[in-house]
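Taking it in order: structure first as structure tokens, then the write-up.
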Number of protein chains: 2
Amino acid sequence: MRFELTKEYLDLLSEAIARQDNSWIQKNVCELHDADIASVLDELDVEQASFLYNKLNEEVQGDILMDLDEDLRDALIQSFSTKEIAEQVEQLDSDDAADLMSELPKKQVEEVISQIEDDETAEDIVDLLNYDADTAGGLMQKEFIQAQIDWPTNRCVVELRKQAENVEKIFTIYVVDENEKLLGFLSLKSLLFAKPSTKIADLYQNKNVISVKTDDDKEEVARIMEKYDLVSVPVVDLNNKLVGRITIDDVVDVIKDEAEKDFQMASGISENIESDDSVWKIFRARMPWLLIGLMGGVFGAQVISGFEGGIAEVPALAFFIPLITAMGGNVGVQSSAIVVQSLARGTDQFGSIFKKITKEALVALINGLVLSIIIYGIAYVFDSSTLGIVVSLSLFTVIIFAGIFGTLIPLLLDKYKIDPALATGPFITTLNDVLGILIYLTIGVLMYGL
Amino acid sequence: MRFELTKEYLDLLSEAIARQDNSWIQKNVCELHDADIASVLDELDVEQASFLYNKLNEEVQGDILMDLDEDLRDALIQSFSTKEIAEQVEQLDSDDAADLMSELPKKQVEEVISQIEDDETAEDIVDLLNYDADTAGGLMQKEFIQAQIDWPTNRCVVELRKQAENVEKIFTIYVVDENEKLLGFLSLKSLLFAKPSTKIADLYQNKNVISVKTDDDKEEVARIMEKYDLVSVPVVDLNNKLVGRITIDDVVDVIKDEAEKDFQMASGISENIESDDSVWKIFRARMPWLLIGLMGGVFGAQVISGFEGGIAEVPALAFFIPLITAMGGNVGVQSSAIVVQSLARGTDQFGSIFKKITKEALVALINGLVLSIIIYGIAYVFDSSTLGIVVSLSLFTVIIFAGIFGTLIPLLLDKYKIDPALATGPFITTLNDVLGILIYLTIGVLMYGL
């Protein structure tokens, strides 16, 4: 049975905490899966969470801490002594330990490290803290299993038993030479079913060994693990020495974050926020885009004011301004979203920019034709044949422009190493608004002979 | 060294195919990783790809076929005889085999199944074809390793050796009772390091065993695997009998697809498309949203036409129409994006709708105040104090409305089991456009006393 977090459960828990009912807590909280305990803590206030956290088995505390929402984790850590933090860190895998340490103030990091009892653990963490968080080095952990190529399998099992104490999940055994250079890999399955005297050299796979370098970007790592269907990937330094491994669970987070970031940017949100973040954080993430939108609107107003006389004479011209800007925005966002996603997927390496623009122009041409014919009929009934021609002609032009800009801008941004998702948001909508108004009113003034 | 697909490589390959240079192909294509071979084939035209595909080692053909772009795969399959398809299918894992079969016409499916030589394989595929593709049953494979709880570990190793022939990657051994009901799991690591006489019953883990049911939605499966950091998850039927397993690589695709689908919906694209899809497919995916946008624009025109007299008298009123609609759209999209993402993440189970709306209203209030003050100054300089008041007052109102609607609509859609990402796109922008125009011009007419 999977645990389900219900309102009733939380009410019972609050009461149990209030009356410090340890046996209820032991039976109904501590027996849960770590991930469920974390989701329970996330729903409590800091005092309740802190009380509950201290009741937990020490061995699971660290893992649960890493599973918590950042705000709650920070609050809990601030209530710990340096010694207590060091104890938590020692329970963690090295990658999680380094992540936790990197959230601490610099001064405290040194203190915590000096309090870690196991020297190897301390060294691993210090080493991992050197890498940029956005690279393979920043994602990797020091817990992995390696076997030397000249071992027989029975020696391998003995040696692995020693190494395996520290490695929670073994997926693959990495095979190295006497200088720890990566040569290939060995599955646990083949080790399990091999004869004791078989040499690793006769058992291991050395064809198409996929590894990543410590300075590979984390999104590159995600792409590689996805492409080659890997559950874990070895990390090597510039000298091909095996220094760590990255497991799929960390990469799933990278993949999700990347996709969510694109979506947020396209929606005009500049920081990674959730709906339970503070009002101030949400405000800060949204304001910059709204200011861009506001400035776009002011430019639009300026353009329209240039046609003030025309509008005074033919106020019907104003009717279709929102239609033109909305359609330009819609087409632009559609076009750029397709490009942004293709770029994120890493497909389309060889289609030239020219080919893409031609195709987008073709799609825009068809869309533009269909919509222009429809809107001509509507505007004709609405007001007059002249207005019908003005609206349909400018809608057609705007759709073509918006489609081309929507395709071109993210491609250009990407070429100059700027995140193309920037283009999908209010930025491209705003540009298309101003351009659309200009096209529409110019055609209007010309057609009406104003 | 990882393979890099370059323009030069593709040119050399085309030449080699043209002169049917088998030794070049053998050395430079067939030696590559399956995933790389697939990415090479994807860049060729159908004839070249088909020529190359037939040169490949039979054992890898099936896996490569599943890695190809759908269009190319369909083209290749159409060139195969039923017998050839059956041979490919037999090479595949059962989940991939079922996926491949589900792409065939119904009539051909039966023919292919009758041509499969191994009865068990045929049965597995027939069984998997029964499940809805969007459920755990549709994702799972029949290849997994199970051990009976009363076995000693040495018997377990012998039995597993038999089972493991068909299972490419073993992550976990599932422990079952004599009726194949799932009891727990055993890691390969603990089996590797156990004494031969130890009973499975003394070795396996039965606390917090996470499994999914065949009819669980695939997004629910993804959430569970992510939450509990699982590399594979056992699938049980309603009777808790173990019937399959799902591995993380299939779930990574679900996670990515889901995030991309939300992004595409928010950008006004109704089908999952890539930039190299056909013009017709791209047109079809985009047109529905553009029509919604067009209808919204026509409503907007109708609203403005109701104020024709006012605009004729004070044309400056028209200046800020695009600003109002753009800002309403921006705020609405921001608000709904935050809600959509939170819903997709499965967080925020207990915040009441009322609480969310209050918070969003608070953010909107601050945004509205800041932006209104700025725009008052600009509109004042631009035209007059009266226009300043009209624009800033209506901008403020529109921001509050857009924020509330942007939050409320996706929450309501979700409550009635409609995909909330629908709300983020042109739909919410269009609604806010019409509403914004109405608010702005009403305030304008009142303030100017028209």
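Numbering starts fresh at 1 for the residues of each chain in the structure tokens, the chains themselves are lettered A, B, ... in the order given, and ligands are numbered from 1 as they appear.
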B:Leu371: which residues within 10 Å, counting only C-alpha atoms, same-chain residues fewer than 3 positions away excluded, as a PyMOL selection string?
(chain A and resi 287+290-291+294) or (chain B and resi 327+365-368+374-376+392+395-396+399)
From A:Pro234, A:Gly62, A:Gly310, A:Pro105, residue lying nearest chain B [only C-alpha atoms]:
A:Gly310
Per DSSP on the backbone, filter stretch 163-404 of chain A down to the residues in helix (DSSP H, G or I) and report them as number ranges by chain.
A: 163-164, 188-192, 200-203, 218-227, 248-266, 279-305, 308-313, 316-319, 321-345, 353-382, 385-404
Keeping only C-alpha atoms, write those residues as a compact mmCIF listing (two decimals), in the first residue's frame.
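Everything below was put into result_29.txt:
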```txt
# COMPACT_ATOMS: atom_id res chain seq x y z
CA GLN A 163 33.75 -1.07 -1.74
CA ALA A 164 30.05 -1.84 -1.78
CA LEU A 188 26.57 -7.12 -11.90
CA LYS A 189 24.61 -9.76 -13.77
CA SER A 190 27.65 -11.03 -15.67
CA LEU A 191 29.69 -11.05 -12.45
CA LEU A 192 26.97 -12.97 -10.65
CA ILE A 200 37.55 -9.49 -15.71
CA ALA A 201 39.44 -8.86 -18.96
CA ASP A 202 37.46 -11.66 -20.63
CA LEU A 203 34.13 -10.57 -19.24
CA LYS A 218 24.75 19.18 -16.94
CA GLU A 219 22.27 19.49 -19.80
CA GLU A 220 24.78 17.72 -22.05
CA VAL A 221 24.98 14.95 -19.43
CA ALA A 222 21.19 14.66 -19.43
CA ARG A 223 21.10 14.45 -23.22
CA ILE A 224 23.76 11.72 -23.23
CA MET A 225 22.08 9.61 -20.54
CA GLU A 226 18.77 9.94 -22.34
CA LYS A 227 20.19 9.19 -25.77
CA ILE A 248 19.74 8.82 -13.42
CA ASP A 249 17.73 10.24 -10.49
CA ASP A 250 19.89 13.37 -10.43
CA VAL A 251 19.52 13.72 -14.17
CA VAL A 252 15.74 13.39 -14.08
CA ASP A 253 15.79 16.56 -11.99
CA VAL A 254 17.95 18.31 -14.61
CA ILE A 255 15.59 17.27 -17.40
CA LYS A 256 12.53 18.45 -15.49
CA ASP A 257 14.12 21.71 -14.40
CA GLU A 258 15.16 22.49 -17.97
CA ALA A 259 11.71 21.86 -19.40
CA GLU A 260 10.08 23.86 -16.59
CA LYS A 261 12.52 26.72 -17.04
CA ASP A 262 11.61 27.00 -20.71
CA PHE A 263 7.92 26.99 -19.85
CA GLN A 264 8.40 29.65 -17.17
CA MET A 265 10.46 31.87 -19.43
CA ALA A 266 7.87 31.55 -22.16
CA VAL A 279 4.59 36.92 -2.37
CA TRP A 280 7.81 38.91 -2.56
CA LYS A 281 9.65 36.16 -4.51
CA ILE A 282 6.77 35.76 -6.95
CA PHE A 283 6.56 39.53 -7.41
CA ARG A 284 10.30 39.75 -8.12
CA ALA A 285 10.17 36.92 -10.68
CA ARG A 286 7.31 38.52 -12.58
CA MET A 287 7.99 42.24 -12.48
CA PRO A 288 10.85 42.43 -15.05
CA TRP A 289 8.70 40.90 -17.78
CA LEU A 290 5.75 43.09 -16.95
CA LEU A 291 7.99 46.14 -17.26
CA ILE A 292 9.11 44.95 -20.71
CA GLY A 293 5.46 44.51 -21.63
CA LEU A 294 4.66 47.98 -20.30
CA MET A 295 7.43 49.59 -22.32
CA GLY A 296 6.17 47.73 -25.40
CA GLY A 297 2.71 49.09 -24.73
CA VAL A 298 4.09 52.63 -24.47
CA PHE A 299 5.87 52.23 -27.81
CA GLY A 300 2.61 50.96 -29.24
CA ALA A 301 0.82 54.03 -27.89
CA GLN A 302 3.44 56.23 -29.52
CA VAL A 303 2.91 54.53 -32.88
CA ILE A 304 -0.88 54.89 -32.64
CA SER A 305 -0.60 58.54 -31.62
CA GLU A 308 -4.32 60.23 -34.28
CA GLY A 309 -5.84 62.23 -37.13
CA GLY A 310 -6.70 59.11 -39.08
CA ILE A 311 -8.42 57.49 -36.12
CA ALA A 312 -10.39 60.65 -35.39
CA GLU A 313 -11.73 60.52 -38.95
CA ALA A 316 -13.52 52.03 -36.96
CA LEU A 317 -9.79 51.65 -37.56
CA ALA A 318 -9.34 51.30 -33.80
CA PHE A 319 -11.72 48.32 -33.64
CA ILE A 321 -6.06 46.93 -33.22
CA PRO A 322 -6.35 44.27 -30.49
CA LEU A 323 -7.05 41.57 -33.09
CA ILE A 324 -3.91 42.43 -35.03
CA THR A 325 -1.66 42.55 -31.95
CA ALA A 326 -3.14 39.36 -30.47
CA MET A 327 -2.69 37.42 -33.70
CA GLY A 328 0.87 38.64 -34.17
CA GLY A 329 1.61 37.57 -30.62
CA ASN A 330 -0.02 34.16 -31.03
CA VAL A 331 1.80 33.33 -34.26
CA GLY A 332 5.12 34.57 -32.88
CA VAL A 333 4.81 32.51 -29.72
CA GLN A 334 3.84 29.39 -31.68
CA SER A 335 6.78 29.69 -34.04
CA SER A 336 9.32 30.38 -31.35
CA ALA A 337 8.00 27.58 -29.11
CA ILE A 338 8.61 25.04 -31.87
CA VAL A 339 12.16 26.30 -32.40
CA VAL A 340 12.91 26.46 -28.67
CA GLN A 341 11.74 22.90 -28.11
CA SER A 342 13.67 21.55 -31.08
CA LEU A 343 16.80 23.29 -29.80
CA ALA A 344 16.21 21.90 -26.30
CA ARG A 345 15.80 18.40 -27.71
CA ILE A 353 18.54 28.53 -40.83
CA PHE A 354 17.45 29.45 -44.32
CA LYS A 355 15.54 26.17 -44.70
CA LYS A 356 13.73 26.68 -41.39
CA ILE A 357 12.73 30.22 -42.25
CA THR A 358 11.40 29.13 -45.64
CA LYS A 359 9.31 26.44 -44.01
CA GLU A 360 7.96 28.74 -41.34
CA ALA A 361 7.15 31.31 -44.02
CA LEU A 362 5.20 28.62 -45.87
CA VAL A 363 3.21 27.68 -42.76
CA ALA A 364 2.62 31.38 -42.10
CA LEU A 365 1.50 31.85 -45.70
CA ILE A 366 -1.17 29.16 -45.36
CA ASN A 367 -2.28 30.35 -41.91
CA GLY A 368 -2.27 33.92 -43.13
CA LEU A 369 -4.35 33.10 -46.23
CA VAL A 370 -7.00 31.14 -44.33
CA LEU A 371 -7.34 33.69 -41.53
CA SER A 372 -7.29 36.71 -43.86
CA ILE A 373 -10.17 35.33 -45.90
CA ILE A 374 -12.20 34.69 -42.75
CA ILE A 375 -11.50 38.11 -41.29
CA TYR A 376 -12.27 39.87 -44.57
CA GLY A 377 -15.78 38.47 -44.42
CA ILE A 378 -16.24 39.46 -40.80
CA ALA A 379 -14.86 42.98 -41.14
CA TYR A 380 -16.96 43.50 -44.28
CA VAL A 381 -20.16 42.63 -42.43
CA PHE A 382 -18.97 44.62 -39.44
CA SER A 385 -15.38 46.45 -47.66
CA THR A 386 -12.53 48.95 -47.18
CA LEU A 387 -12.08 47.97 -43.55
CA GLY A 388 -12.27 44.31 -44.64
CA ILE A 389 -9.38 44.84 -47.03
CA VAL A 390 -7.34 46.81 -44.47
CA VAL A 391 -7.78 44.20 -41.75
CA SER A 392 -7.23 41.15 -43.93
CA LEU A 393 -4.22 42.60 -45.75
CA SER A 394 -2.51 43.68 -42.55
CA LEU A 395 -3.38 40.45 -40.72
CA PHE A 396 -1.76 38.52 -43.55
CA THR A 397 1.38 40.67 -43.42
CA VAL A 398 1.59 40.52 -39.63
CA ILE A 399 1.28 36.72 -39.60
CA ILE A 400 4.13 36.38 -42.10
CA PHE A 401 6.37 38.77 -40.14
CA ALA A 402 5.52 37.22 -36.78
CA GLY A 403 6.22 33.73 -38.08
CA ILE A 404 9.59 34.72 -39.49
```
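Once B:Thr247 and its same-chain neighbours fewer than 3 positions away are set aside, Leu139, Met140, Gln141, Phe171, Leu230, Val231, Ser232, Val233, Pro234, Asp250 and Val251 of chain B remain within 9 Å of it when counting only C-alpha atoms.
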Export C-alpha atoms of the chosen residues as a JSON list (two decimals), in the first residue's frame?
```
[["chain", "number", "residue", "atom", "x", "y", "z"],
["B", 139, "LEU", "CA", 4.47, 1.10, -20.18],
["B", 140, "MET", "CA", 5.51, -2.13, -18.50],
["B", 141, "GLN", "CA", 7.61, -4.96, -19.84],
["B", 171, "PHE", "CA", 17.98, -3.70, -11.29],
["B", 230, "LEU", "CA", 13.24, 4.37, -8.23],
["B", 231, "VAL", "CA", 15.11, 2.95, -11.20],
["B", 232, "SER", "CA", 12.45, 0.33, -11.80],
["B", 233, "VAL", "CA", 9.05, -0.27, -10.28],
["B", 234, "PRO", "CA", 7.08, -3.54, -10.16],
["B", 250, "ASP", "CA", 10.56, 4.78, -20.31],
["B", 251, "VAL", "CA", 9.47, 7.11, -17.56]]
```
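Minimum atom-to-atom distances from A:Glu274, A:Glu110, A:Asp134, A:Asp383 to chain B were compared using only C-alpha atoms, and the lowest value belongs to A:Glu274.
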Given the choices B:Val212, B:Ala38, B:Leu52, B:Val158, which gets closest to B:Ala18 if the distance is worked out from only C-alpha atoms?
B:Leu52
Would you list the contacts of B:Val112 as a PyMOL selection string, taking every protein, DNA or RNA residue within 10 Å and counting only C-alpha atoms, but skipping same-chain residues closer than 5 positions in sequence?
chain B and resi 81-87+89+101+104+107+122
With DSSP run on the backbone, what are the strand (DSSP E) residues within stretch 138-296 of chain A? I'd like them as a PyMOL selection string.
chain A and resi 145-148+172-176+182-187+212-213+232-236+242-247
Suppose we keep C-alpha atoms; can you now write the selection as a PDB file, in the first residue's frame?
```
ATOM      1  CA  ILE A 145      32.460   0.482  -7.722  1.00  0.00           C
ATOM      2  CA  GLN A 146      35.580  -0.138  -9.739  1.00  0.00           C
ATOM      3  CA  ALA A 147      37.433  -3.316 -10.609  1.00  0.00           C
ATOM      4  CA  GLN A 148      40.894  -3.664 -12.048  1.00  0.00           C
ATOM      5  CA  THR A 172      27.472  -1.077 -13.143  1.00  0.00           C
ATOM      6  CA  ILE A 173      31.019  -1.969 -12.166  1.00  0.00           C
ATOM      7  CA  TYR A 174      33.564   0.245 -13.889  1.00  0.00           C
ATOM      8  CA  VAL A 175      36.663  -1.493 -15.152  1.00  0.00           C
ATOM      9  CA  VAL A 176      39.938   0.452 -14.917  1.00  0.00           C
ATOM     10  CA  LEU A 182      38.476   3.958 -17.471  1.00  0.00           C
ATOM     11  CA  LEU A 183      38.548   0.991 -19.853  1.00  0.00           C
ATOM     12  CA  GLY A 184      34.994  -0.305 -19.855  1.00  0.00           C
ATOM     13  CA  PHE A 185      32.284  -1.741 -17.673  1.00  0.00           C
ATOM     14  CA  LEU A 186      30.933  -4.956 -16.254  1.00  0.00           C
ATOM     15  CA  SER A 187      27.335  -5.649 -15.298  1.00  0.00           C
ATOM     16  CA  VAL A 212      31.277  12.224 -19.548  1.00  0.00           C
ATOM     17  CA  LYS A 213      34.007  14.677 -18.594  1.00  0.00           C
ATOM     18  CA  SER A 232      24.415   5.710 -14.522  1.00  0.00           C
ATOM     19  CA  VAL A 233      27.328   7.230 -16.373  1.00  0.00           C
ATOM     20  CA  PRO A 234      31.002   7.295 -15.331  1.00  0.00           C
ATOM     21  CA  VAL A 235      32.703  10.688 -15.037  1.00  0.00           C
ATOM     22  CA  VAL A 236      36.355  11.010 -16.067  1.00  0.00           C
ATOM     23  CA  LEU A 242      37.647   7.686 -13.401  1.00  0.00           C
ATOM     24  CA  VAL A 243      36.625  10.220 -10.742  1.00  0.00           C
ATOM     25  CA  GLY A 244      32.907   9.703 -10.159  1.00  0.00           C
ATOM     26  CA  ARG A 245      29.545   8.632 -11.471  1.00  0.00           C
ATOM     27  CA  ILE A 246      26.221  10.284 -12.116  1.00  0.00           C
ATOM     28  CA  THR A 247      22.978   8.393 -11.509  1.00  0.00           C
TER      29      THR A 247
END
```
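Close contacts of A:Val126, defined as residues with an atom at most 10 Å away when counting only C-alpha atoms, with chain neighbours fewer than 3 positions off set aside, comprise A:Ser94, A:Ala98, A:Met101, A:Val109, A:Glu110, A:Ile113, A:Glu120, A:Thr121, A:Ala122, A:Glu123, A:Leu129, A:Asn130, A:Tyr131.
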Store the residues picked out above, limited to N, CA and C atoms, as a short mmCIF file (atom, residue, chain, number, x, y, z; two decimals), in the first residue's frame.
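The result, written out as selection18.cif:
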```cif
data_model
loop_
_atom_site.label_atom_id
_atom_site.label_comp_id
_atom_site.auth_asym_id
_atom_site.auth_seq_id
_atom_site.Cartn_x
_atom_site.Cartn_y
_atom_site.Cartn_z
N SER A 94 28.01 11.37 -1.23
CA SER A 94 28.89 12.53 -1.37
C SER A 94 28.28 13.66 -2.19
N ALA A 98 27.78 17.37 -0.69
CA ALA A 98 28.34 18.58 -1.28
C ALA A 98 27.25 19.61 -1.57
N MET A 101 26.37 21.23 1.70
CA MET A 101 27.44 22.14 2.13
C MET A 101 27.42 23.43 1.33
N VAL A 109 31.29 26.26 6.25
CA VAL A 109 31.71 25.07 5.50
C VAL A 109 33.00 24.50 6.08
N GLU A 110 33.98 25.39 6.31
CA GLU A 110 35.27 24.92 6.85
C GLU A 110 35.10 24.29 8.22
N ILE A 113 33.55 20.84 7.84
CA ILE A 113 34.49 19.85 7.30
C ILE A 113 35.48 19.38 8.38
N GLU A 120 38.26 10.29 4.56
CA GLU A 120 37.95 10.08 3.14
C GLU A 120 36.69 10.83 2.74
N THR A 121 35.67 10.76 3.59
CA THR A 121 34.43 11.49 3.35
C THR A 121 34.71 12.98 3.21
N ALA A 122 35.49 13.51 4.14
CA ALA A 122 35.81 14.94 4.12
C ALA A 122 36.52 15.31 2.82
N GLU A 123 37.47 14.47 2.41
CA GLU A 123 38.22 14.73 1.18
C GLU A 123 37.31 14.72 -0.05
N LEU A 129 33.24 20.01 -3.98
CA LEU A 129 32.90 21.44 -3.87
C LEU A 129 33.66 22.30 -4.88
N ASN A 130 34.72 21.73 -5.46
CA ASN A 130 35.49 22.49 -6.46
C ASN A 130 34.78 22.66 -7.79
N TYR A 131 33.81 21.76 -8.06
CA TYR A 131 33.20 21.79 -9.39
C TYR A 131 32.02 22.74 -9.45
#
```
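One distance worth recording is that between atom CA of B:Pro426 and atom CA of A:Gly444, which is 26.0 Å.
Take the candidates A:Thr135, A:Ser102, A:Ser50, A:Ser39 and check each one against chain B using only C-alpha atoms; the shortest distance goes to A:Ser39.
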List as a ChimeraX atom specification the protein and nucleic acid residues near stretch 67-80 of chain A, meaning an atom at most 12 Å away when only C-alpha atoms are counted, but skip any in the same chain fewer than 6 places from it.
/A:33-54,60-61,86-89,92,96,99-105,108,112,273-274,276-278 /B:226-229,347-348
